[in-house]
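File shown: run.txt. Contents: compact mmCIF, C-alpha atoms.
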# COMPACT_ATOMS: atom_id res chain seq x y z
CA MET A 470 101.14 208.22 260.36
CA ILE A 471 103.71 206.08 258.57
CA LYS A 472 101.43 203.02 258.91
CA ILE A 473 98.63 204.89 257.17
CA PHE A 474 100.96 206.06 254.37
CA VAL A 475 102.31 202.52 253.84
CA SER A 476 98.76 201.13 253.86
CA VAL A 477 97.67 203.65 251.22
CA ILE A 478 100.66 202.77 249.02
CA VAL A 479 99.92 199.03 249.33
CA VAL A 480 96.26 199.57 248.41
CA ILE A 481 97.19 201.71 245.38
CA MET A 482 99.72 199.15 244.18
CA THR A 483 97.24 196.31 244.62
CA MET A 484 94.59 198.18 242.65
CA ALA A 485 97.07 198.97 239.89
CA CYS A 486 98.18 195.35 239.60
CA ASN A 487 94.59 194.06 239.60
CA SER A 488 93.54 196.42 236.83
CA HIS A 489 96.11 194.87 234.45
CA SER A 490 95.64 191.23 235.42
CA GLY A 491 92.06 191.08 234.08
CA SER A 492 92.92 191.86 230.48
CA SER A 493 94.16 189.15 228.19
CA GLY A 494 96.85 189.54 225.55
CA ASN A 495 94.29 188.95 222.78
CA GLU A 496 92.05 191.71 224.11
CA GLU A 497 95.00 194.12 224.21
CA GLN A 498 95.92 193.20 220.65
CA GLN A 499 92.38 193.94 219.44
CA ASN A 500 92.51 197.38 221.03
CA ASN A 501 95.95 198.18 219.63
CA SER A 502 95.60 201.18 217.32
CA SER A 503 98.76 200.24 215.40
CA ILE A 504 96.97 197.27 213.83
CA PRO A 505 95.16 198.45 210.67
CA LYS A 506 91.45 197.67 210.73
CA THR A 507 90.45 199.12 207.36
CA LEU A 508 92.02 199.63 203.94
CA SER A 509 92.46 203.33 204.72
CA ASP A 510 94.28 202.41 207.95
CA SER A 511 96.59 200.13 205.96
CA LEU A 512 97.28 202.80 203.36
CA TYR A 513 97.93 205.40 206.06
CA LYS A 514 100.35 203.02 207.77
CA ALA A 515 102.09 202.30 204.44
CA ALA A 516 102.45 206.04 203.75
CA MET A 517 103.93 206.56 207.22
CA GLU A 518 106.35 203.66 206.71
CA GLY A 519 107.39 205.26 203.41
CA HIS A 520 107.89 208.56 205.18
CA ASP A 521 109.98 206.88 207.87
CA ALA A 522 112.14 205.12 205.27
CA GLY A 523 112.78 208.39 203.43
CA MET A 524 113.44 210.35 206.60
CA ALA A 525 115.97 207.74 207.67
CA LYS A 526 118.02 208.78 204.62
CA MET A 527 117.93 212.54 205.25
CA GLY A 528 121.18 212.47 207.21
CA GLU A 529 122.82 210.57 204.38
CA ILE A 530 121.48 213.14 201.88
CA ALA A 531 123.06 215.95 203.94
CA ARG A 532 126.39 214.12 204.17
CA TYR A 533 126.50 213.53 200.43
CA GLN A 534 125.53 217.14 199.71
CA LYS A 535 128.49 218.25 201.81
CA ARG A 536 130.87 215.76 200.20
CA VAL A 537 129.76 216.65 196.66
CA LYS A 538 130.19 220.36 197.43
CA GLN A 539 133.70 219.64 198.70
CA LYS A 540 134.45 217.70 195.54
CA ILE A 541 133.12 220.59 193.41
CA ASP A 542 135.43 222.97 195.29
CA SER A 543 138.43 220.69 194.79
CA VAL A 544 137.68 220.31 191.06
CA ALA A 545 137.56 224.08 190.55
CA ASP A 546 141.33 224.29 190.13
CA GLN A 547 141.79 221.21 187.95
CA LYS A 548 142.37 221.29 184.21
CA ASN A 549 139.58 218.79 183.52
CA LYS A 550 137.01 220.91 185.40
CA ALA A 551 134.73 221.12 182.36
CA GLN A 552 134.54 217.34 182.32
CA LEU A 553 134.07 216.76 186.05
CA GLN A 554 131.90 219.72 187.06
CA PRO A 555 128.62 218.88 185.26
CA PRO A 556 128.13 215.41 186.81
CA LEU A 557 128.91 216.80 190.26
CA ASP A 558 126.50 219.70 189.78
CA SER A 559 123.86 217.22 188.63
CA ALA A 560 124.43 215.01 191.69
CA LEU A 561 124.15 217.99 194.01
CA GLN A 562 120.94 219.10 192.30
CA GLY A 563 119.52 215.58 192.64
CA LEU A 564 120.29 215.44 196.34
CA THR A 565 118.85 218.90 196.92
CA TYR A 566 115.73 218.06 194.91
CA ALA A 567 115.20 214.86 196.92
CA GLU A 568 115.43 216.81 200.16
CA GLU A 569 112.98 219.42 198.85
CA LEU A 570 110.53 216.72 197.76
CA MET A 571 110.50 215.19 201.23
CA ASN A 572 110.01 218.56 202.88
CA ARG A 573 107.20 219.44 200.48
CA TRP A 574 105.49 216.10 201.03
CA MET A 575 105.63 216.56 204.80
CA GLN A 576 104.22 220.09 204.54
CA ASN A 577 101.36 218.99 202.29
CA PHE A 578 100.47 215.76 204.08
CA ASP A 579 97.47 216.38 206.28
CA PRO A 580 95.31 213.49 207.52
CA ASP A 581 92.53 215.99 208.20
CA LYS A 582 92.19 216.39 204.41
CA ALA A 583 91.47 212.67 204.00
CA GLY A 584 87.73 213.16 204.34
CA ASN A 585 85.16 211.38 206.45
CA SER A 586 84.09 208.39 204.39
CA GLU A 587 86.19 205.29 203.93
CA ALA A 588 86.28 205.85 200.16
CA GLU A 589 87.60 209.40 200.58
CA LYS A 590 90.24 208.22 203.04
CA VAL A 591 91.31 205.37 200.77
CA GLY A 592 91.68 207.77 197.83
CA TYR A 593 93.65 210.29 199.84
CA TYR A 594 96.01 207.81 201.50
CA ARG A 595 96.54 205.87 198.27
CA SER A 596 97.55 209.12 196.58
CA GLU A 597 99.87 210.04 199.47
CA LYS A 598 101.42 206.57 199.42
CA GLU A 599 102.18 206.99 195.70
CA LYS A 600 103.67 210.43 196.33
CA ILE A 601 105.94 209.24 199.14
CA ASP A 602 107.04 206.30 196.99
CA THR A 603 108.06 208.81 194.30
CA VAL A 604 109.91 210.89 196.89
CA ASN A 605 111.76 207.82 198.16
CA ALA A 606 112.69 206.76 194.64
CA GLN A 607 114.31 210.19 194.14
CA ILE A 608 116.06 209.97 197.51
CA PHE A 609 117.55 206.54 196.84
CA LYS A 610 118.44 207.41 193.24
CA SER A 611 120.24 210.62 194.25
CA ILE A 612 122.19 208.88 196.99
CA GLU A 613 123.24 206.10 194.64
CA ASN A 614 124.31 208.63 192.02
CA ALA A 615 126.41 210.52 194.58
CA LYS A 616 128.00 207.29 195.79
CA GLN A 617 129.01 206.38 192.25
CA LEU A 618 130.49 209.81 191.55
CA LEU A 619 132.45 209.77 194.77
CA ASN A 620 133.61 206.21 194.04
CA GLU A 621 132.12 204.61 197.14

I'd like the structure from this file rewritten - as C-alpha cells, please.
Amino acid sequence: MIKIFVSVIVVIMTMACNSHSGSSGNEEQQNNSSIPKTLSDSLYKAAMEGHDAGMAKMGEIARYQKRVKQKIDSVADQKNKAQLQPPLDSALQGLTYAEELMNRWMQNFDPDKAGNSEAEKVGYYRSEKEKIDTVNAQIFKSIENAKQLLNE
C-alpha cells in the first residue's frame, strides 16, 4: 500500500515539474497580465499606481489629524488662541478633505463603467487618472501643511 502511495506521489511530482519546464521565461512574460498591452491598460495601471500612492499616505493623514486635534486642544487655553486656532482648523479641514476625496474616488471608481471599446476605456481611465492625481495633490499638500504647522 505504501509503495503505491509513494509511486502516485512521485508521478504527480514528475508531472508537475514537467508542466513548468516547457514554458520559457519570454512566454511567461507575454502572458503576464500586469504588463499593459493597450493605452487603456496603461492608463488603468497609472490610476491604480496613483491610488496606491495616495492610500500609502492614509495612515499619515490619520496621525496628523490626531496631532492637529491635540494641538487645537492645547491651544484652547492659551492667550494667543485667536492667532493659532485658524491655521490649525484649516490644517485639520485640509487633512479631512483629503481623506474624504480618496474615499469618494474609491467609491466612484468602477472599471465596469469604462465601456467596451478601447476609446471609451481610454477616456474613462484618463479621467480617473486625472482625478486620482488631484486627490493625491490634496493629500500631499495637506500633510505638508500639517508638518509645517507642527514644526516637523

Q) Which residue, A:Leu564, A:Lys590, A:Met575, A:Asn620, has the smallest gap to A:Lys526 when you use all atoms listed in the file? A)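 Closest to A:Lys526 of all the choices is A:Leu564.
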
Q: Would you mind telling me which residue in A:Glu568, A:Asp581, A:Asp602, A:Glu621 lies nearest to A:Ala531 when using all atoms listed in the file?
A: A:Glu568

(Q) Please list as a ChimeraX atom specification every residue within 12 Å of A:Leu561, counting only C-alpha atoms and excluding residues in the same chain fewer than 3 positions away. (A) /A:530-541,554-558,564-568,608,611-616,618-619

**Q.** Pick from A:Gly528, A:Lys548, A:Ser596, A:Gly519, whichever lies nearest to A:Pro580 using only C-alpha atoms
**A.** A:Ser596

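Put simply, atom CA of A:Lys598 is 8.9 Å away from atom CA of A:His520.
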
Q) What gap, in Å, lies between atom CA of A:Gln576 and atom CA of A:Ala516? A) 14.2 Å

Q: Go through A:Ala551, A:Val591, A:Val604, A:Met527 one by one, measure the shortest atom-to-atom distance of each to A:Ser511 using only C-alpha atoms, and give the residue with the smallest value.
A: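 Among the listed residues, the smallest separation from A:Ser511 belongs to A:Val591.
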
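Atom CA of A:Glu587 is found 8.2 Å from atom CA of A:Thr507.
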
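Comparing A:Ser509, A:Gly563, A:Ile504, A:Asn605 by their smallest distance to A:Asn585, the closest is A:Ser509 (using all atoms listed in the file).
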